[in-house]
Amino acid sequence: APSGWQNAAVTVTLTATDPTPSSGIAKTCYSVNQGTWTISTTVVISAEGTNTLTYYSVDNAGNTETTQTKVVLIDRISPITTDNASSGWQNAVVIVTLMPADNLSGIAETCYSVNQGTWTMGTTVVISTKGTNTLTYYSVDNAGNTETTQTKVVLIDKIAPITTDNAPSGWQ
């Protein structure tokens with residue numbers, strides 16, 4: 001059984017040996033999450049979350065092994081990242097906080113890019129370029145599930161408007 005989070009069903013092979021003098025293995029039994037005991041050496045675990053595999057073997061002389069356990073972790077759902085970017089025009093540097101969430105395995109990394117630039121790891125994005133800025137981001141969880149890339153437009157205008165008038169000069 002693999003250690004750490006997996007993002008797909010896990011097939012576990014149980015291999016029993018009987019020390020010398022050996023009467024041979026009569027059966028190997030397992031249970032997943034305290035379910036029904038099954039006689040087999042192959043176990044497929046597919047349930048999301050923390051799964052406890054319990055198993056033992058019996059030899060042909062009737063000796064029963066002490067029950068053993070192994071935890072199998074499965075997370076097949078991608079994380080979800082949200083942002084706190086304001087919609088509409090801003091008149092100063094904008095600091096966006098990316099907020100990734102994953103209910104099972106946790107977040108391994110969050111990456112972002114501004115205006116198709118270099119991808120950077122982190123959750124705090126400083127955007128200072130005037131005009132229309134495109135923030136692109138995604139997160140990856142500890143099981144290796146990658147979120148679909150998200151996009152947010154950040155608008156910055158730090159230049160005050162100029163007002164003119166058409167009032168005539170002189171006396172009217």
# chains A, B, ... in the order shown; residues from 1 in each chain; ligands from 1
$ residues_around --residues "Pro2 of chain A" --least-positions-apart "3" --cutoff "12 Å" --atoms "only C-alpha atoms" --output "list in words"
Trp5, Gln6, Asn7, Ala8, Ala9, Val10, Thr11, Val12, Thr13, Ile45, Leu53, Lys70, Val71, Val72, Leu73, Ile74 and Ala143 of chain A
$ residues_around --residues "Thr52 of chain A" --least-positions-apart "2" --cutoff "12 Å" --atoms "only C-alpha atoms" --output "PDB file with all heavy atoms, in the first residue's frame"
ATOM      1  N   ALA A   1       0.851  -1.185   0.000  1.00  0.00           N
ATOM      2  CA  ALA A   1       0.000   0.000   0.000  1.00  0.00           C
ATOM      3  C   ALA A   1       0.887   1.236   0.000  1.00  0.00           C
ATOM      4  O   ALA A   1       1.871   1.290   0.729  1.00  0.00           O
ATOM      5  CB  ALA A   1      -0.906  -0.003   1.230  1.00  0.00           C
ATOM      6  N   TYR A  30      -8.978  -9.743   4.718  1.00  0.00           N
ATOM      7  CA  TYR A  30      -8.869  -8.296   4.893  1.00  0.00           C
ATOM      8  C   TYR A  30     -10.247  -7.679   5.109  1.00  0.00           C
ATOM      9  O   TYR A  30     -11.282  -8.262   4.782  1.00  0.00           O
ATOM     10  CB  TYR A  30      -8.178  -7.639   3.696  1.00  0.00           C
ATOM     11  CG  TYR A  30      -9.033  -7.566   2.465  1.00  0.00           C
ATOM     12  CD1 TYR A  30      -9.947  -6.517   2.286  1.00  0.00           C
ATOM     13  CD2 TYR A  30      -8.951  -8.536   1.473  1.00  0.00           C
ATOM     14  CE1 TYR A  30     -10.743  -6.452   1.153  1.00  0.00           C
ATOM     15  CE2 TYR A  30      -9.736  -8.469   0.344  1.00  0.00           C
ATOM     16  CZ  TYR A  30     -10.636  -7.428   0.191  1.00  0.00           C
ATOM     17  OH  TYR A  30     -11.431  -7.365  -0.920  1.00  0.00           O
ATOM     18  N   SER A  31     -10.209  -6.472   5.659  1.00  0.00           N
ATOM     19  CA  SER A  31     -11.404  -5.657   5.856  1.00  0.00           C
ATOM     20  C   SER A  31     -11.001  -4.210   5.605  1.00  0.00           C
ATOM     21  O   SER A  31      -9.897  -3.792   5.982  1.00  0.00           O
ATOM     22  CB  SER A  31     -11.920  -5.815   7.290  1.00  0.00           C
ATOM     23  OG  SER A  31     -12.945  -4.877   7.554  1.00  0.00           O
ATOM     24  N   VAL A  32     -11.892  -3.447   4.962  1.00  0.00           N
ATOM     25  CA  VAL A  32     -11.637  -2.024   4.722  1.00  0.00           C
ATOM     26  C   VAL A  32     -12.644  -1.220   5.534  1.00  0.00           C
ATOM     27  O   VAL A  32     -13.855  -1.453   5.432  1.00  0.00           O
ATOM     28  CB  VAL A  32     -11.745  -1.673   3.218  1.00  0.00           C
ATOM     29  CG1 VAL A  32     -11.538  -0.187   2.994  1.00  0.00           C
ATOM     30  CG2 VAL A  32     -10.746  -2.492   2.413  1.00  0.00           C
ATOM     31  N   ASN A  33     -12.134  -0.327   6.341  1.00  0.00           N
ATOM     32  CA  ASN A  33     -12.971   0.569   7.158  1.00  0.00           C
ATOM     33  C   ASN A  33     -13.963  -0.203   8.023  1.00  0.00           C
ATOM     34  O   ASN A  33     -15.133   0.152   8.123  1.00  0.00           O
ATOM     35  CB  ASN A  33     -13.691   1.599   6.277  1.00  0.00           C
ATOM     36  CG  ASN A  33     -12.713   2.486   5.547  1.00  0.00           C
ATOM     37  OD1 ASN A  33     -11.640   2.788   6.047  1.00  0.00           O
ATOM     38  ND2 ASN A  33     -13.071   2.897   4.345  1.00  0.00           N
ATOM     39  N   GLN A  34     -13.477  -1.276   8.631  1.00  0.00           N
ATOM     40  CA  GLN A  34     -14.257  -2.124   9.547  1.00  0.00           C
ATOM     41  C   GLN A  34     -15.463  -2.770   8.872  1.00  0.00           C
ATOM     42  O   GLN A  34     -16.466  -3.073   9.517  1.00  0.00           O
ATOM     43  CB  GLN A  34     -14.690  -1.328  10.783  1.00  0.00           C
ATOM     44  CG  GLN A  34     -13.512  -0.806  11.564  1.00  0.00           C
ATOM     45  CD  GLN A  34     -13.925  -0.003  12.787  1.00  0.00           C
ATOM     46  OE1 GLN A  34     -15.078   0.411  12.929  1.00  0.00           O
ATOM     47  NE2 GLN A  34     -12.987   0.200  13.681  1.00  0.00           N
ATOM     48  N   GLY A  35     -15.341  -2.982   7.572  1.00  0.00           N
ATOM     49  CA  GLY A  35     -16.415  -3.633   6.828  1.00  0.00           C
ATOM     50  C   GLY A  35     -16.306  -5.147   6.934  1.00  0.00           C
ATOM     51  O   GLY A  35     -15.605  -5.693   7.796  1.00  0.00           O
ATOM     52  N   VAL A  43      -6.783  -6.227  -2.843  1.00  0.00           N
ATOM     53  CA  VAL A  43      -7.767  -5.302  -2.284  1.00  0.00           C
ATOM     54  C   VAL A  43      -7.785  -4.045  -3.149  1.00  0.00           C
ATOM     55  O   VAL A  43      -6.738  -3.459  -3.405  1.00  0.00           O
ATOM     56  CB  VAL A  43      -7.387  -4.888  -0.847  1.00  0.00           C
ATOM     57  CG1 VAL A  43      -8.470  -4.028  -0.234  1.00  0.00           C
ATOM     58  CG2 VAL A  43      -7.053  -6.081   0.004  1.00  0.00           C
ATOM     59  N   ILE A  45      -9.115  -0.270  -3.068  1.00  0.00           N
ATOM     60  CA  ILE A  45      -9.662   0.755  -2.177  1.00  0.00           C
ATOM     61  C   ILE A  45      -9.927   1.994  -3.015  1.00  0.00           C
ATOM     62  O   ILE A  45      -9.024   2.520  -3.659  1.00  0.00           O
ATOM     63  CB  ILE A  45      -8.692   1.065  -1.031  1.00  0.00           C
ATOM     64  CG1 ILE A  45      -8.418  -0.221  -0.233  1.00  0.00           C
ATOM     65  CG2 ILE A  45      -9.247   2.166  -0.128  1.00  0.00           C
ATOM     66  CD1 ILE A  45      -7.348  -0.088   0.814  1.00  0.00           C
ATOM     67  N   SER A  46     -11.185   2.441  -3.008  1.00  0.00           N
ATOM     68  CA  SER A  46     -11.542   3.570  -3.868  1.00  0.00           C
ATOM     69  C   SER A  46     -12.277   4.690  -3.136  1.00  0.00           C
ATOM     70  O   SER A  46     -12.546   5.730  -3.732  1.00  0.00           O
ATOM     71  CB  SER A  46     -12.388   3.086  -5.039  1.00  0.00           C
ATOM     72  OG  SER A  46     -13.575   2.476  -4.559  1.00  0.00           O
ATOM     73  N   ALA A  47     -12.609   4.519  -1.881  1.00  0.00           N
ATOM     74  CA  ALA A  47     -13.375   5.540  -1.155  1.00  0.00           C
ATOM     75  C   ALA A  47     -12.512   6.770  -0.876  1.00  0.00           C
ATOM     76  O   ALA A  47     -11.345   6.653  -0.496  1.00  0.00           O
ATOM     77  CB  ALA A  47     -13.915   4.972   0.151  1.00  0.00           C
ATOM     78  N   GLU A  48     -13.117   7.946  -1.059  1.00  0.00           N
ATOM     79  CA  GLU A  48     -12.428   9.205  -0.753  1.00  0.00           C
ATOM     80  C   GLU A  48     -12.129   9.284   0.739  1.00  0.00           C
ATOM     81  O   GLU A  48     -12.924   8.823   1.560  1.00  0.00           O
ATOM     82  CB  GLU A  48     -13.333  10.384  -1.114  1.00  0.00           C
ATOM     83  CG  GLU A  48     -13.513  10.598  -2.580  1.00  0.00           C
ATOM     84  CD  GLU A  48     -12.513  11.585  -3.134  1.00  0.00           C
ATOM     85  OE1 GLU A  48     -12.191  12.569  -2.466  1.00  0.00           O
ATOM     86  OE2 GLU A  48     -12.048  11.363  -4.253  1.00  0.00           O
ATOM     87  N   GLY A  49     -10.997   9.870   1.073  1.00  0.00           N
ATOM     88  CA  GLY A  49     -10.655  10.129   2.468  1.00  0.00           C
ATOM     89  C   GLY A  49      -9.669   9.139   3.036  1.00  0.00           C
ATOM     90  O   GLY A  49      -8.889   8.513   2.322  1.00  0.00           O
ATOM     91  N   THR A  50      -9.730   8.984   4.354  1.00  0.00           N
ATOM     92  CA  THR A  50      -8.834   8.092   5.079  1.00  0.00           C
ATOM     93  C   THR A  50      -9.476   6.716   5.178  1.00  0.00           C
ATOM     94  O   THR A  50     -10.566   6.578   5.728  1.00  0.00           O
ATOM     95  CB  THR A  50      -8.563   8.650   6.493  1.00  0.00           C
ATOM     96  OG1 THR A  50      -7.989   9.951   6.366  1.00  0.00           O
ATOM     97  CG2 THR A  50      -7.610   7.754   7.265  1.00  0.00           C
ATOM     98  N   THR A  54      -7.370  -3.460   7.226  1.00  0.00           N
ATOM     99  CA  THR A  54      -6.981  -4.380   8.295  1.00  0.00           C
ATOM    100  C   THR A  54      -6.845  -5.759   7.665  1.00  0.00           C
ATOM    101  O   THR A  54      -7.695  -6.158   6.844  1.00  0.00           O
ATOM    102  CB  THR A  54      -8.067  -4.397   9.401  1.00  0.00           C
ATOM    103  OG1 THR A  54      -8.311  -3.052   9.819  1.00  0.00           O
ATOM    104  CG2 THR A  54      -7.622  -5.216  10.591  1.00  0.00           C
ATOM    105  N   TYR A  55      -5.791  -6.508   8.027  1.00  0.00           N
ATOM    106  CA  TYR A  55      -5.572  -7.804   7.377  1.00  0.00           C
ATOM    107  C   TYR A  55      -4.782  -8.754   8.268  1.00  0.00           C
ATOM    108  O   TYR A  55      -4.111  -8.334   9.221  1.00  0.00           O
ATOM    109  CB  TYR A  55      -4.857  -7.628   6.037  1.00  0.00           C
ATOM    110  CG  TYR A  55      -3.528  -6.913   6.127  1.00  0.00           C
ATOM    111  CD1 TYR A  55      -2.343  -7.641   6.262  1.00  0.00           C
ATOM    112  CD2 TYR A  55      -3.449  -5.529   6.089  1.00  0.00           C
ATOM    113  CE1 TYR A  55      -1.118  -7.001   6.345  1.00  0.00           C
ATOM    114  CE2 TYR A  55      -2.227  -4.884   6.168  1.00  0.00           C
ATOM    115  CZ  TYR A  55      -1.070  -5.614   6.299  1.00  0.00           C
ATOM    116  OH  TYR A  55       0.133  -4.976   6.391  1.00  0.00           O
ATOM    117  N   GLN A  68      -2.995  -6.766  11.298  1.00  0.00           N
ATOM    118  CA  GLN A  68      -2.191  -5.595  10.941  1.00  0.00           C
ATOM    119  C   GLN A  68      -3.086  -4.558  10.272  1.00  0.00           C
ATOM    120  O   GLN A  68      -4.134  -4.907   9.724  1.00  0.00           O
ATOM    121  CB  GLN A  68      -1.066  -6.003   9.992  1.00  0.00           C
ATOM    122  CG  GLN A  68      -0.108  -7.018  10.601  1.00  0.00           C
ATOM    123  CD  GLN A  68       1.065  -7.245   9.693  1.00  0.00           C
ATOM    124  OE1 GLN A  68       1.792  -6.318   9.361  1.00  0.00           O
ATOM    125  NE2 GLN A  68       1.255  -8.486   9.275  1.00  0.00           N
ATOM    126  N   THR A  69      -2.650  -3.293  10.305  1.00  0.00           N
ATOM    127  CA  THR A  69      -3.422  -2.229   9.655  1.00  0.00           C
ATOM    128  C   THR A  69      -2.513  -1.346   8.822  1.00  0.00           C
ATOM    129  O   THR A  69      -1.319  -1.213   9.111  1.00  0.00           O
ATOM    130  CB  THR A  69      -4.172  -1.345  10.675  1.00  0.00           C
ATOM    131  OG1 THR A  69      -3.215  -0.727  11.530  1.00  0.00           O
ATOM    132  CG2 THR A  69      -5.164  -2.138  11.486  1.00  0.00           C
ATOM    133  N   LYS A  70      -3.115  -0.766   7.829  1.00  0.00           N
ATOM    134  CA  LYS A  70      -2.436   0.204   6.966  1.00  0.00           C
ATOM    135  C   LYS A  70      -3.465   1.251   6.589  1.00  0.00           C
ATOM    136  O   LYS A  70      -4.602   0.922   6.237  1.00  0.00           O
ATOM    137  CB  LYS A  70      -1.891  -0.485   5.707  1.00  0.00           C
ATOM    138  CG  LYS A  70      -1.252   0.434   4.699  1.00  0.00           C
ATOM    139  CD  LYS A  70       0.070   0.991   5.185  1.00  0.00           C
ATOM    140  CE  LYS A  70       0.689   1.852   4.099  1.00  0.00           C
ATOM    141  NZ  LYS A  70       2.030   2.254   4.410  1.00  0.00           N
ATOM    142  N   VAL A  71      -3.086   2.509   6.647  1.00  0.00           N
ATOM    143  CA  VAL A  71      -3.972   3.598   6.252  1.00  0.00           C
ATOM    144  C   VAL A  71      -3.700   3.933   4.786  1.00  0.00           C
ATOM    145  O   VAL A  71      -2.545   4.095   4.382  1.00  0.00           O
ATOM    146  CB  VAL A  71      -3.761   4.846   7.148  1.00  0.00           C
ATOM    147  CG1 VAL A  71      -4.552   6.036   6.627  1.00  0.00           C
ATOM    148  CG2 VAL A  71      -4.169   4.522   8.578  1.00  0.00           C
ATOM    149  N   VAL A  72      -4.775   4.034   3.997  1.00  0.00           N
ATOM    150  CA  VAL A  72      -4.686   4.403   2.585  1.00  0.00           C
ATOM    151  C   VAL A  72      -5.481   5.693   2.408  1.00  0.00           C
ATOM    152  O   VAL A  72      -6.667   5.750   2.744  1.00  0.00           O
ATOM    153  CB  VAL A  72      -5.241   3.279   1.676  1.00  0.00           C
ATOM    154  CG1 VAL A  72      -5.215   3.715   0.216  1.00  0.00           C
ATOM    155  CG2 VAL A  72      -4.440   2.000   1.868  1.00  0.00           C
ATOM    156  N   LEU A  73      -4.826   6.730   1.887  1.00  0.00           N
ATOM    157  CA  LEU A  73      -5.415   8.058   1.745  1.00  0.00           C
ATOM    158  C   LEU A  73      -5.748   8.335   0.280  1.00  0.00           C
ATOM    159  O   LEU A  73      -4.860   8.249  -0.575  1.00  0.00           O
ATOM    160  CB  LEU A  73      -4.439   9.118   2.259  1.00  0.00           C
ATOM    161  CG  LEU A  73      -3.947   8.919   3.704  1.00  0.00           C
ATOM    162  CD1 LEU A  73      -2.781   9.845   4.001  1.00  0.00           C
ATOM    163  CD2 LEU A  73      -5.088   9.143   4.676  1.00  0.00           C
ATOM    164  N   ILE A  74      -7.015   8.680   0.007  1.00  0.00           N
ATOM    165  CA  ILE A  74      -7.434   8.935  -1.374  1.00  0.00           C
ATOM    166  C   ILE A  74      -8.158  10.275  -1.443  1.00  0.00           C
ATOM    167  O   ILE A  74      -9.074  10.537  -0.674  1.00  0.00           O
ATOM    168  CB  ILE A  74      -8.341   7.814  -1.907  1.00  0.00           C
ATOM    169  CG1 ILE A  74      -7.572   6.483  -1.915  1.00  0.00           C
ATOM    170  CG2 ILE A  74      -8.863   8.157  -3.306  1.00  0.00           C
ATOM    171  CD1 ILE A  74      -8.380   5.288  -2.364  1.00  0.00           C
TER     172      ILE A  74
END
$ residues_around --residues "Ala108 of chain A" --least-positions-apart "4" --cutoff "6 Å" --atoms "only C-alpha atoms" --output "PyMOL selection string"
chain A and resi 140-142
$ write_last_selection --atoms "all heavy atoms" --output "PDB file, in the first residue's frame"
ATOM      1  N   VAL A 140      -2.767  23.190  -6.458  1.00  0.00           N
ATOM      2  CA  VAL A 140      -2.563  21.748  -6.540  1.00  0.00           C
ATOM      3  C   VAL A 140      -2.647  21.206  -5.118  1.00  0.00           C
ATOM      4  O   VAL A 140      -2.058  21.798  -4.201  1.00  0.00           O
ATOM      5  CB  VAL A 140      -1.181  21.411  -7.152  1.00  0.00           C
ATOM      6  CG1 VAL A 140      -0.964  19.903  -7.228  1.00  0.00           C
ATOM      7  CG2 VAL A 140      -1.021  22.055  -8.523  1.00  0.00           C
ATOM      8  N   ASP A 141      -3.377  20.098  -4.919  1.00  0.00           N
ATOM      9  CA  ASP A 141      -3.453  19.542  -3.573  1.00  0.00           C
ATOM     10  C   ASP A 141      -2.349  18.513  -3.345  1.00  0.00           C
ATOM     11  O   ASP A 141      -1.581  18.199  -4.262  1.00  0.00           O
ATOM     12  CB  ASP A 141      -4.853  19.004  -3.253  1.00  0.00           C
ATOM     13  CG  ASP A 141      -5.250  17.777  -4.063  1.00  0.00           C
ATOM     14  OD1 ASP A 141      -4.377  17.105  -4.648  1.00  0.00           O
ATOM     15  OD2 ASP A 141      -6.458  17.496  -4.098  1.00  0.00           O
ATOM     16  N   ASN A 142      -2.268  17.989  -2.139  1.00  0.00           N
ATOM     17  CA  ASN A 142      -1.204  17.047  -1.776  1.00  0.00           C
ATOM     18  C   ASN A 142      -1.355  15.683  -2.433  1.00  0.00           C
ATOM     19  O   ASN A 142      -0.436  14.867  -2.362  1.00  0.00           O
ATOM     20  CB  ASN A 142      -1.130  16.909  -0.256  1.00  0.00           C
ATOM     21  CG  ASN A 142      -0.529  18.143   0.370  1.00  0.00           C
ATOM     22  OD1 ASN A 142       0.500  18.636  -0.064  1.00  0.00           O
ATOM     23  ND2 ASN A 142      -1.184  18.668   1.394  1.00  0.00           N
TER      24      ASN A 142
END
$ select_by_dssp --residues "chain A" --states "strand (DSSP E or B)" --output "ChimeraX atom specification"
/A:5-6,10-13,25-32,38-39,42-45,49-59,64,68-74,80-83,89-90,94-101,107-114,120-121,124-127,131-141,146,150-156
$ closest_residue --among "A:Ala61, A:Leu104, A:Ile25, A:Val93" --to "Asp75 of chain A" --atoms "only C-alpha atoms"
A:Leu104
$ residues_around --residues "Asp83 of chain A" --least-positions-apart "5" --cutoff "8 Å" --atoms "only C-alpha atoms" --output "PyMOL selection string"
chain A and resi 96-99
$ atom_distance --atom1 "atom CA of Trp37 of chain A" --atom2 "atom CA of Tyr56 of chain A"
10.3 Å
$ residues_around --residues "segment 120-126 of chain A" --least-positions-apart "2" --cutoff "10 Å" --atoms "only C-alpha atoms" --output "list of chain:residue names"
A:Thr81, A:Asp83, A:Ala85, A:Val93, A:Val94, A:Ile95, A:Val96, A:Thr97, A:Leu98, A:Met99, A:Pro100, A:Glu109, A:Thr110, A:Cys111, A:Tyr112, A:Ser113, A:Val114, A:Gly117, A:Thr118, A:Ser128, A:Thr129, A:Leu135, A:Tyr137, A:Tyr138, A:Ser139
$ write_last_selection --atoms "N, CA and C atoms" --output "PDB file, in the first residue's frame"
ATOM      1  N   THR A  81      -9.742  27.496  -5.511  1.00  0.00           N
ATOM      2  CA  THR A  81      -9.113  28.727  -5.067  1.00  0.00           C
ATOM      3  C   THR A  81     -10.030  29.900  -5.382  1.00  0.00           C
ATOM      4  N   ASP A  83     -10.471  34.375  -4.797  1.00  0.00           N
ATOM      5  CA  ASP A  83      -9.639  35.573  -4.638  1.00  0.00           C
ATOM      6  C   ASP A  83     -10.488  36.687  -4.052  1.00  0.00           C
ATOM      7  N   ALA A  85     -10.065  39.919  -5.136  1.00  0.00           N
ATOM      8  CA  ALA A  85      -9.886  41.053  -6.048  1.00  0.00           C
ATOM      9  C   ALA A  85     -11.207  41.788  -6.236  1.00  0.00           C
ATOM     10  N   VAL A  93      -2.251  50.673  -6.337  1.00  0.00           N
ATOM     11  CA  VAL A  93      -1.740  49.310  -6.460  1.00  0.00           C
ATOM     12  C   VAL A  93      -2.767  48.369  -5.823  1.00  0.00           C
ATOM     13  N   VAL A  94      -2.996  47.236  -6.446  1.00  0.00           N
ATOM     14  CA  VAL A  94      -3.966  46.263  -5.943  1.00  0.00           C
ATOM     15  C   VAL A  94      -3.214  45.053  -5.390  1.00  0.00           C
ATOM     16  N   ILE A  95      -3.550  44.684  -4.166  1.00  0.00           N
ATOM     17  CA  ILE A  95      -2.988  43.471  -3.559  1.00  0.00           C
ATOM     18  C   ILE A  95      -4.117  42.446  -3.476  1.00  0.00           C
ATOM     19  N   VAL A  96      -3.928  41.342  -4.188  1.00  0.00           N
ATOM     20  CA  VAL A  96      -4.943  40.281  -4.240  1.00  0.00           C
ATOM     21  C   VAL A  96      -4.457  39.115  -3.386  1.00  0.00           C
ATOM     22  N   THR A  97      -5.345  38.607  -2.552  1.00  0.00           N
ATOM     23  CA  THR A  97      -5.048  37.416  -1.770  1.00  0.00           C
ATOM     24  C   THR A  97      -5.782  36.239  -2.397  1.00  0.00           C
ATOM     25  N   LEU A  98      -5.028  35.186  -2.704  1.00  0.00           N
ATOM     26  CA  LEU A  98      -5.608  33.955  -3.230  1.00  0.00           C
ATOM     27  C   LEU A  98      -5.860  33.020  -2.052  1.00  0.00           C
ATOM     28  N   MET A  99      -7.046  32.418  -2.016  1.00  0.00           N
ATOM     29  CA  MET A  99      -7.434  31.585  -0.886  1.00  0.00           C
ATOM     30  C   MET A  99      -7.772  30.173  -1.358  1.00  0.00           C
ATOM     31  N   PRO A 100      -6.764  29.265  -1.357  1.00  0.00           N
ATOM     32  CA  PRO A 100      -7.008  27.889  -1.791  1.00  0.00           C
ATOM     33  C   PRO A 100      -7.650  27.066  -0.670  1.00  0.00           C
ATOM     34  N   GLU A 109       0.490  23.599  -3.336  1.00  0.00           N
ATOM     35  CA  GLU A 109       0.997  24.859  -3.866  1.00  0.00           C
ATOM     36  C   GLU A 109      -0.096  25.625  -4.592  1.00  0.00           C
ATOM     37  N   THR A 110       0.077  26.941  -4.633  1.00  0.00           N
ATOM     38  CA  THR A 110      -0.779  27.824  -5.410  1.00  0.00           C
ATOM     39  C   THR A 110       0.141  28.636  -6.303  1.00  0.00           C
ATOM     40  N   CYS A 111      -0.201  28.733  -7.579  1.00  0.00           N
ATOM     41  CA  CYS A 111       0.624  29.457  -8.546  1.00  0.00           C
ATOM     42  C   CYS A 111      -0.219  30.506  -9.255  1.00  0.00           C
ATOM     43  N   TYR A 112       0.439  31.617  -9.613  1.00  0.00           N
ATOM     44  CA  TYR A 112      -0.273  32.675 -10.324  1.00  0.00           C
ATOM     45  C   TYR A 112       0.638  33.315 -11.367  1.00  0.00           C
ATOM     46  N   SER A 113      -0.027  33.987 -12.319  1.00  0.00           N
ATOM     47  CA  SER A 113       0.669  34.726 -13.364  1.00  0.00           C
ATOM     48  C   SER A 113      -0.134  35.991 -13.620  1.00  0.00           C
ATOM     49  N   VAL A 114       0.553  37.109 -13.843  1.00  0.00           N
ATOM     50  CA  VAL A 114      -0.109  38.367 -14.167  1.00  0.00           C
ATOM     51  C   VAL A 114       0.253  38.728 -15.602  1.00  0.00           C
ATOM     52  N   GLY A 117       2.670  36.553 -17.659  1.00  0.00           N
ATOM     53  CA  GLY A 117       4.087  36.587 -17.290  1.00  0.00           C
ATOM     54  C   GLY A 117       4.506  35.267 -16.658  1.00  0.00           C
ATOM     55  N   THR A 118       5.598  35.309 -15.949  1.00  0.00           N
ATOM     56  CA  THR A 118       6.155  34.137 -15.287  1.00  0.00           C
ATOM     57  C   THR A 118       5.203  33.615 -14.214  1.00  0.00           C
ATOM     58  N   SER A 128       0.443  46.356 -10.098  1.00  0.00           N
ATOM     59  CA  SER A 128       0.638  47.809 -10.122  1.00  0.00           C
ATOM     60  C   SER A 128       0.570  48.413 -11.520  1.00  0.00           C
ATOM     61  N   THR A 129       0.478  47.599 -12.539  1.00  0.00           N
ATOM     62  CA  THR A 129       0.453  48.106 -13.909  1.00  0.00           C
ATOM     63  C   THR A 129      -0.902  48.732 -14.212  1.00  0.00           C
ATOM     64  N   LEU A 135      -5.134  38.350 -14.126  1.00  0.00           N
ATOM     65  CA  LEU A 135      -4.545  37.483 -13.105  1.00  0.00           C
ATOM     66  C   LEU A 135      -5.045  36.069 -13.362  1.00  0.00           C
ATOM     67  N   TYR A 137      -4.610  31.983 -12.075  1.00  0.00           N
ATOM     68  CA  TYR A 137      -4.099  31.224 -10.936  1.00  0.00           C
ATOM     69  C   TYR A 137      -4.737  29.842 -10.841  1.00  0.00           C
ATOM     70  N   TYR A 138      -4.071  28.954 -10.090  1.00  0.00           N
ATOM     71  CA  TYR A 138      -4.579  27.609  -9.819  1.00  0.00           C
ATOM     72  C   TYR A 138      -3.854  27.059  -8.600  1.00  0.00           C
ATOM     73  N   SER A 139      -4.418  26.016  -8.013  1.00  0.00           N
ATOM     74  CA  SER A 139      -3.781  25.335  -6.884  1.00  0.00           C
ATOM     75  C   SER A 139      -3.690  23.844  -7.162  1.00  0.00           C
TER      76      SER A 139
END
$ residues_around --residues "Ser78 of chain A" --least-positions-apart "5" --cutoff "7 Å" --atoms "only C-alpha atoms" --output "PDB file with C-alpha atoms, in the first residue's frame"
ATOM      1  CA  ASP A 141      -3.453  19.542  -3.573  1.00  0.00           C
ATOM      2  CA  ASN A 145      -5.035  17.054  -8.186  1.00  0.00           C
ATOM      3  CA  THR A 146      -4.675  20.290 -10.158  1.00  0.00           C
ATOM      4  CA  GLU A 147      -7.425  22.863 -10.201  1.00  0.00           C
TER       5      GLU A 147
END
$ closest_residue --among "A:Thr132, A:Thr28, A:Thr15, A:Thr148" --to "Asp59 of chain A" --atoms "only C-alpha atoms"
A:Thr28
